[in-house]
Amino acid sequence: MPERPESAEPVPDIGSMTLSEIKLLVAGAHPEPGDLLWGALEEDGRKGVRNMLARCRRRLAADERERDRTAEMRRLEAELWEDGHETVAGVDEAGRGPLAGPVVAAAVVLPRELGIDGIDDSKKLSPAKRDRLYDLILRDAVGVGVGCVSETVIDEKNILRATFRAMREALDRLERSPDHVLVDGDPIRGLDLPQTGVPKGDERSAAIAAASIIAKVTRDRMMVEHDARYPGYGFAVHKGYGTPEHIAALRRLGPCEIHRRSFRIVHELGGGVSRRYAGFRSELLAAENAAALESAAGRIAEARGELDAYELRRLRALYKRCYVRLAVHLARRP
């Protein structure tokens with residue numbers, strides 16, 4: 001056994017201890033290769049002790065992999081720091097694909113010396129781990145901002161524009177404007193800040209992963225509250241996503257206020273298109289000149305209060321297509 005320095009704690013006589021006593025000792029001491037305790041364990045020939053050492057080796061290997069993963073997830077931020085960008089924010093969203101509820105985005109600025117273990121893509125974490133990391137990120141982050149855009153705006157503007165709006169709101173709510181933004185996926189449209197779109201960013205950047213956790217937990221908790229307001233849909237379980245249980249509830253109960261009419265199934269189960277919409281659609285398609293098209297557009301504008309956001313958005317898109325069709329037709333005339 002290696003000679004023990006005078007200042008070190010005495011190593012217990014492992015050979016005189018039971019396996020249960022050694023297990024408690026190892027759990028508290030977390031021995032590593034080179035430790036006197038590790039050496040004492042290696043000298044013990046009992047199978048139970050060898051198994052403990054094997055578990056310790058697996059734990060150490062897992063810890064090393066986690067350190068390597070964490071270092072790699074901070075690489076993008078580190079490169080930006082080296083280039084002089086002092087404040088780097090990660091941005092991600094939750095709720096792009098559900099049939100109901102808002103889209104939520106978060107912006108997070110992490111400290112350079114990160115003391116939070118386990119930050120990862122929120123989709124890879126259990127609800128309990130997400131909740132624990134959510135609290136730690138709020139406690140230790142340099143800055144956290146959250147943006148939320150309702151299902152009404154999603155129906156009116158479309159989900160992509162609503163998502164970018166939520167992301168810009170999240171960045172606006174940071175106490176300090178970042179020098180650079182790392183965003184999951186595509187760059188944020190309309191953002192007046194230096195930014196980098198990072199494919200699969202929640203797996204490659206700690207700041208983006210932290211934002212994914214904040215956005216996911218925030219939205220999940222909102223959907224639990226909606227479950228109490230709109231019972232029967234199961235929002236607390238599926239969080240508004242299109243699970244078979246949710247579809248069955250939609251067929252049984254019809255859509256509620258927070259359902260997104262821009263999803264075909266929601267719109268159809270809500271009674272399909274209105275007569276006003278069908279009439280305006282036919283009128284736009286039948287327009288043979290710009291005057292007829294503008295006349296129809298004027299009547300649509302006057303009746304906008306009688307159309308839901310989804311129908312209004314569809315009519316606006318149809319108007320643009322009809323306008324282009326007429327322009328092309330006129331350009332081809334001799």
# chains A, B, ... in the order shown; residues from 1 in each chain; ligands from 1

$ residues_around --residues "Asp131 (chain A)" --least-positions-apart "5" --cutoff "10 Å" --atoms "only C-alpha atoms" --output "compact mmCIF listing (two decimals) with N, CA and C atoms, in the first residue's frame"
# COMPACT_ATOMS: atom_id res chain seq x y z
N LEU A 125 -34.41 15.18 -21.43
CA LEU A 125 -34.45 15.18 -19.97
C LEU A 125 -35.82 14.76 -19.46
N SER A 126 -35.83 14.11 -18.32
CA SER A 126 -37.11 13.77 -17.67
C SER A 126 -37.73 15.05 -17.10
N LEU A 136 -32.17 25.89 -11.20
CA LEU A 136 -30.75 26.22 -11.14
C LEU A 136 -30.38 27.28 -12.17
N ILE A 137 -30.96 27.19 -13.37
CA ILE A 137 -30.66 28.18 -14.40
C ILE A 137 -31.18 29.55 -13.98
N ILE A 213 -34.70 24.46 -21.97
CA ILE A 213 -35.27 24.02 -20.69
C ILE A 213 -36.22 25.07 -20.13
N ILE A 214 -35.79 26.33 -20.13
CA ILE A 214 -36.65 27.41 -19.62
C ILE A 214 -37.94 27.49 -20.43
N LYS A 216 -39.39 25.15 -22.34
CA LYS A 216 -40.20 23.95 -22.19
C LYS A 216 -40.93 23.92 -20.85
N VAL A 217 -40.23 24.19 -19.78
CA VAL A 217 -40.86 24.14 -18.44
C VAL A 217 -41.91 25.24 -18.32
N THR A 218 -41.59 26.44 -18.82
CA THR A 218 -42.55 27.54 -18.76
C THR A 218 -43.84 27.18 -19.50

$ select_by_dssp --residues "region 115-258 of chain A" --states "alpha helix (DSSP H)" --output "count of residues only"
77

$ residues_around --residues "His85 (chain A)" --least-positions-apart "6" --cutoff "9 Å" --atoms "only C-alpha atoms" --output "list of chain:residue names"
A:Glu77, A:Glu79, A:Pro178, A:Asp179, A:His180

$ closest_residue --among "A:Glu93, A:Glu72, A:Glu283, A:Glu43" --to "Arg204 (chain A)" --atoms "only C-alpha atoms"
A:Glu72

$ closest_residue --among "A:Leu285, A:Met52, A:Val91, A:Ala209" --to "Gly118 (chain A)" --atoms "only C-alpha atoms"
A:Ala209

$ residues_around --residues "Asn158 (chain A)" --least-positions-apart "6" --cutoff "10 Å" --atoms "only C-alpha atoms" --output "VMD selection string"
chain A and resid 151 to 152 262 310 313

$ residues_around --residues "Arg173 (chain A)" --least-positions-apart "6" --cutoff "9 Å" --atoms "only C-alpha atoms" --output "NGL selection string"
:A and (107 or 144-147)

$ closest_residue --among "A:Phe280, A:Ala106, A:Glu175, A:Ala94" --to "Asp220 (chain A)" --atoms "only C-alpha atoms"
A:Ala94
